[in-house]
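Q: Dropping a structure here in structure tokens format, bear with me for questions.
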Amino acid sequence: MTQSKWFLHPISIFVFSIIALGTSLFLYIYWYIEASEGLRILVEKFDLDANQILTAQTWVVIMVISILVSIILIGIFTIFVYSQKVLQLYRLQNNFINNFTHELKTPVTSLKLYLQTFGKYELPRHDQLKYMQYMLLDVTRLSETIDRILNLAKIESRSYDDELVEIDLVEAIEIFLKENKYLFQNCRIQMHNPTGRKFLYRINLSLFDMLLMNLMINAVKYNDSKIPTIDISIVPIKNELHICFKDNGIGFEKGEIKKIFRKFYQIGRSRNMTAKGTGLGLYLVQTIARIHKGKVSAQSNGSGKGSTFTLMLPIKA
């Protein structure tokens with residue numbers, strides 16, 4: 001905001017409006033009291049009938065006016081807050097579009113480069129395999145970005161078709177880790193179920209897998225450690241089942257806790273990352289948790305100290 005146009009900023013206009021309205025109310029009350037006092041002096045001087053000239057409900061009138069002005073102030077404040085939220089959402093969406101474009105453009109550019117290399121040069125077989133592996137990684141990354149957008153649209157429109165199935169959550173997580181083992185080859189993943197019990201719960205399998213995938217990918221993606229580590233613990237606490245995902249990633253500050261589950265919001269980025277992300281992962285996680293009548297909480301001791309995401313689902317004692 002430049003110095004020459006600071007007075008055109010919505011916050012400045014809002015402040016000026018409140019000051020002007022408050023000043024008007026004060027001056028009106030002051031004038032009303034002065035006028036009433038002047039009339040009272042005239043009544044006493046000329047011995048007139050006070051009931052015909054003076055208003056008996058002076059303070060009632062002032063109180064009513066004060067209430068009306070207060071309602072106006074509340075209305076102005078509400079409109080101001082709403083407009084600021086709309087502006088913030090616009091900025092987040094604009095940031096999302098920029099990042100999403102980057103997410104799409106980077107792998108496409110990389111694939112184009114590799115294909116041009118294949119077309120221009122006769123490469124040894126081991127180089128071909130190496131470049132094809134890079135290309136597969138780019139295709140996977142591109143596919144994940146597109147799937148995330150499509151999944152968001154399905155979830156928000158409630159158009160997912162799979163029905164809820166009662167399944168042991170411990171088994172569901174073990175199956176997920178087994179089927180996606182290739183994604184976490186360079187990670188250390190440990191699962192703990194201290195009670196040794198089964199925890200039956202009705203879930204949508206595809207959505208639950210999506211929730212697990214986003215939590216696990218975030219733990220690896222936002223991680224500067226040589227060996228990303230994820231500890232999964234399943235612990236019943238009173239009438240809730242807590243499924244905790246603790247990692248040794250980049251973590252976040254306490255001030256971020258209330259923001260990280262917002263749509264398009266991004267905590268930050270790892271030094272090893274080449275992509276900015278879309279800011280949808282944790283939003284999807286929280287949305288899916290609520291669909292299953294649960295919620296997700298986040299905790300971290302600060303930047304560089306890892307983080308813990310806990311899925312809390314209601315269960316019978």
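Quick note on naming: the chains in the structure tokens go A, B, ... in the order shown, residues restart at 1 in each chain, and ligands are numbered from 1 in order of appearance.
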Can you pull out every residue within 12 Å of stretch 231-235 of chain A, counting only C-alpha atoms, but drop anything in the same chain fewer than 2 positions away, and send it as an MDAnalysis selection string?
A: chainID A and resid 168:171 173:174 177 187:199 212 215:216 219 228:229 237:249 306:313 315
Q: Go ahead and save the residues from that selection, with C-alpha atoms, as a PDB file, in the first residue's frame.
A:
```pdb
ATOM      1  CA  ASP A 168     -11.112 -53.296  11.130  1.00  0.00           C
ATOM      2  CA  LEU A 169      -9.222 -49.990  10.925  1.00  0.00           C
ATOM      3  CA  VAL A 170      -5.941 -51.643  11.901  1.00  0.00           C
ATOM      4  CA  GLU A 171      -6.314 -54.033   8.994  1.00  0.00           C
ATOM      5  CA  ILE A 173      -4.184 -49.261   7.442  1.00  0.00           C
ATOM      6  CA  GLU A 174      -1.991 -52.363   7.056  1.00  0.00           C
ATOM      7  CA  LEU A 177       0.689 -49.598   3.582  1.00  0.00           C
ATOM      8  CA  CYS A 187      11.012 -44.214   4.529  1.00  0.00           C
ATOM      9  CA  ARG A 188      10.908 -45.829   7.936  1.00  0.00           C
ATOM     10  CA  ILE A 189       7.298 -46.586   8.825  1.00  0.00           C
ATOM     11  CA  GLN A 190       6.313 -48.193  12.111  1.00  0.00           C
ATOM     12  CA  MET A 191       2.824 -49.126  13.244  1.00  0.00           C
ATOM     13  CA  HIS A 192       1.831 -49.574  16.892  1.00  0.00           C
ATOM     14  CA  ASN A 193      -1.346 -51.115  18.267  1.00  0.00           C
ATOM     15  CA  PRO A 194      -0.623 -51.425  22.023  1.00  0.00           C
ATOM     16  CA  THR A 195      -3.961 -53.032  22.891  1.00  0.00           C
ATOM     17  CA  GLY A 196      -3.759 -55.636  20.119  1.00  0.00           C
ATOM     18  CA  ARG A 197      -7.488 -55.177  19.574  1.00  0.00           C
ATOM     19  CA  LYS A 198      -9.510 -54.890  16.418  1.00  0.00           C
ATOM     20  CA  PHE A 199     -11.419 -51.653  15.930  1.00  0.00           C
ATOM     21  CA  LEU A 212      -4.230 -41.948   4.624  1.00  0.00           C
ATOM     22  CA  LEU A 215      -1.274 -37.700   5.553  1.00  0.00           C
ATOM     23  CA  MET A 216       1.513 -40.067   4.523  1.00  0.00           C
ATOM     24  CA  ALA A 219       4.849 -36.514   6.085  1.00  0.00           C
ATOM     25  CA  PRO A 228      11.692 -39.760   6.644  1.00  0.00           C
ATOM     26  CA  THR A 229      10.153 -41.534   9.626  1.00  0.00           C
ATOM     27  CA  ILE A 237      -9.084 -42.999  24.627  1.00  0.00           C
ATOM     28  CA  LYS A 238     -12.470 -43.047  26.384  1.00  0.00           C
ATOM     29  CA  ASN A 239     -15.077 -42.989  23.623  1.00  0.00           C
ATOM     30  CA  GLU A 240     -12.662 -42.092  20.829  1.00  0.00           C
ATOM     31  CA  LEU A 241     -10.136 -43.945  18.750  1.00  0.00           C
ATOM     32  CA  HIS A 242      -6.987 -41.897  18.154  1.00  0.00           C
ATOM     33  CA  ILE A 243      -4.942 -42.787  15.082  1.00  0.00           C
ATOM     34  CA  CYS A 244      -1.747 -40.724  15.316  1.00  0.00           C
ATOM     35  CA  PHE A 245       0.691 -40.062  12.476  1.00  0.00           C
ATOM     36  CA  LYS A 246       3.935 -38.710  13.935  1.00  0.00           C
ATOM     37  CA  ASP A 247       6.749 -37.681  11.569  1.00  0.00           C
ATOM     38  CA  ASN A 248      10.208 -36.100  11.702  1.00  0.00           C
ATOM     39  CA  GLY A 249       9.389 -33.494   9.047  1.00  0.00           C
ATOM     40  CA  GLY A 306       8.267 -32.714  13.190  1.00  0.00           C
ATOM     41  CA  SER A 307       4.506 -32.860  13.489  1.00  0.00           C
ATOM     42  CA  THR A 308       1.724 -35.141  14.652  1.00  0.00           C
ATOM     43  CA  PHE A 309      -1.672 -35.473  12.992  1.00  0.00           C
ATOM     44  CA  THR A 310      -4.317 -37.343  14.952  1.00  0.00           C
ATOM     45  CA  LEU A 311      -7.495 -38.775  13.429  1.00  0.00           C
ATOM     46  CA  MET A 312     -10.175 -39.040  16.152  1.00  0.00           C
ATOM     47  CA  LEU A 313     -13.150 -41.288  15.507  1.00  0.00           C
ATOM     48  CA  ILE A 315     -16.185 -45.590  19.111  1.00  0.00           C
TER      49      ILE A 315
END
```
Q: Can you work out the spacing between atom CA of A:Met210 and atom CA of A:Lys178 in Å, to one decimal?
A: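 Atom CA of A:Lys178 lies at a distance of 14.8 Å from atom CA of A:Met210.
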Q: Given only C-alpha atoms as the basis, pick out the residue of A:Arg262, A:Lys295, A:Lys181, A:Lys305 nearest to A:Gln88.
A: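 Closest candidate: A:Arg262.
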Q: Within 9 Å of A:Arg141, counting only C-alpha atoms, which residues show up once you throw out same-chain ones fewer than 5 positions away? Write them as an MDAnalysis selection string, please.
A: chainID A and resid 103:104 107 136 146
Q: Give me a file of those residues, with N, CA and C atoms, as a PDB file, in the first residue's frame.
A:
```
ATOM      1  N   GLU A 103       2.316 -26.967 -10.667  1.00  0.00           N
ATOM      2  CA  GLU A 103       2.255 -28.416 -10.468  1.00  0.00           C
ATOM      3  C   GLU A 103       2.030 -29.150 -11.786  1.00  0.00           C
ATOM      4  N   LEU A 104       1.269 -28.552 -12.678  1.00  0.00           N
ATOM      5  CA  LEU A 104       1.005 -29.176 -13.972  1.00  0.00           C
ATOM      6  C   LEU A 104       2.138 -28.928 -14.963  1.00  0.00           C
ATOM      7  N   PRO A 107       6.003 -31.088 -14.410  1.00  0.00           N
ATOM      8  CA  PRO A 107       6.183 -32.435 -14.956  1.00  0.00           C
ATOM      9  C   PRO A 107       6.015 -32.508 -16.471  1.00  0.00           C
ATOM     10  N   LEU A 136       8.375 -41.708 -15.366  1.00  0.00           N
ATOM     11  CA  LEU A 136       7.309 -42.334 -14.593  1.00  0.00           C
ATOM     12  C   LEU A 136       7.008 -41.533 -13.330  1.00  0.00           C
ATOM     13  N   ILE A 146      -3.871 -34.134 -10.546  1.00  0.00           N
ATOM     14  CA  ILE A 146      -5.181 -34.153 -11.203  1.00  0.00           C
ATOM     15  C   ILE A 146      -6.195 -34.903 -10.340  1.00  0.00           C
TER      16      ILE A 146
END
```
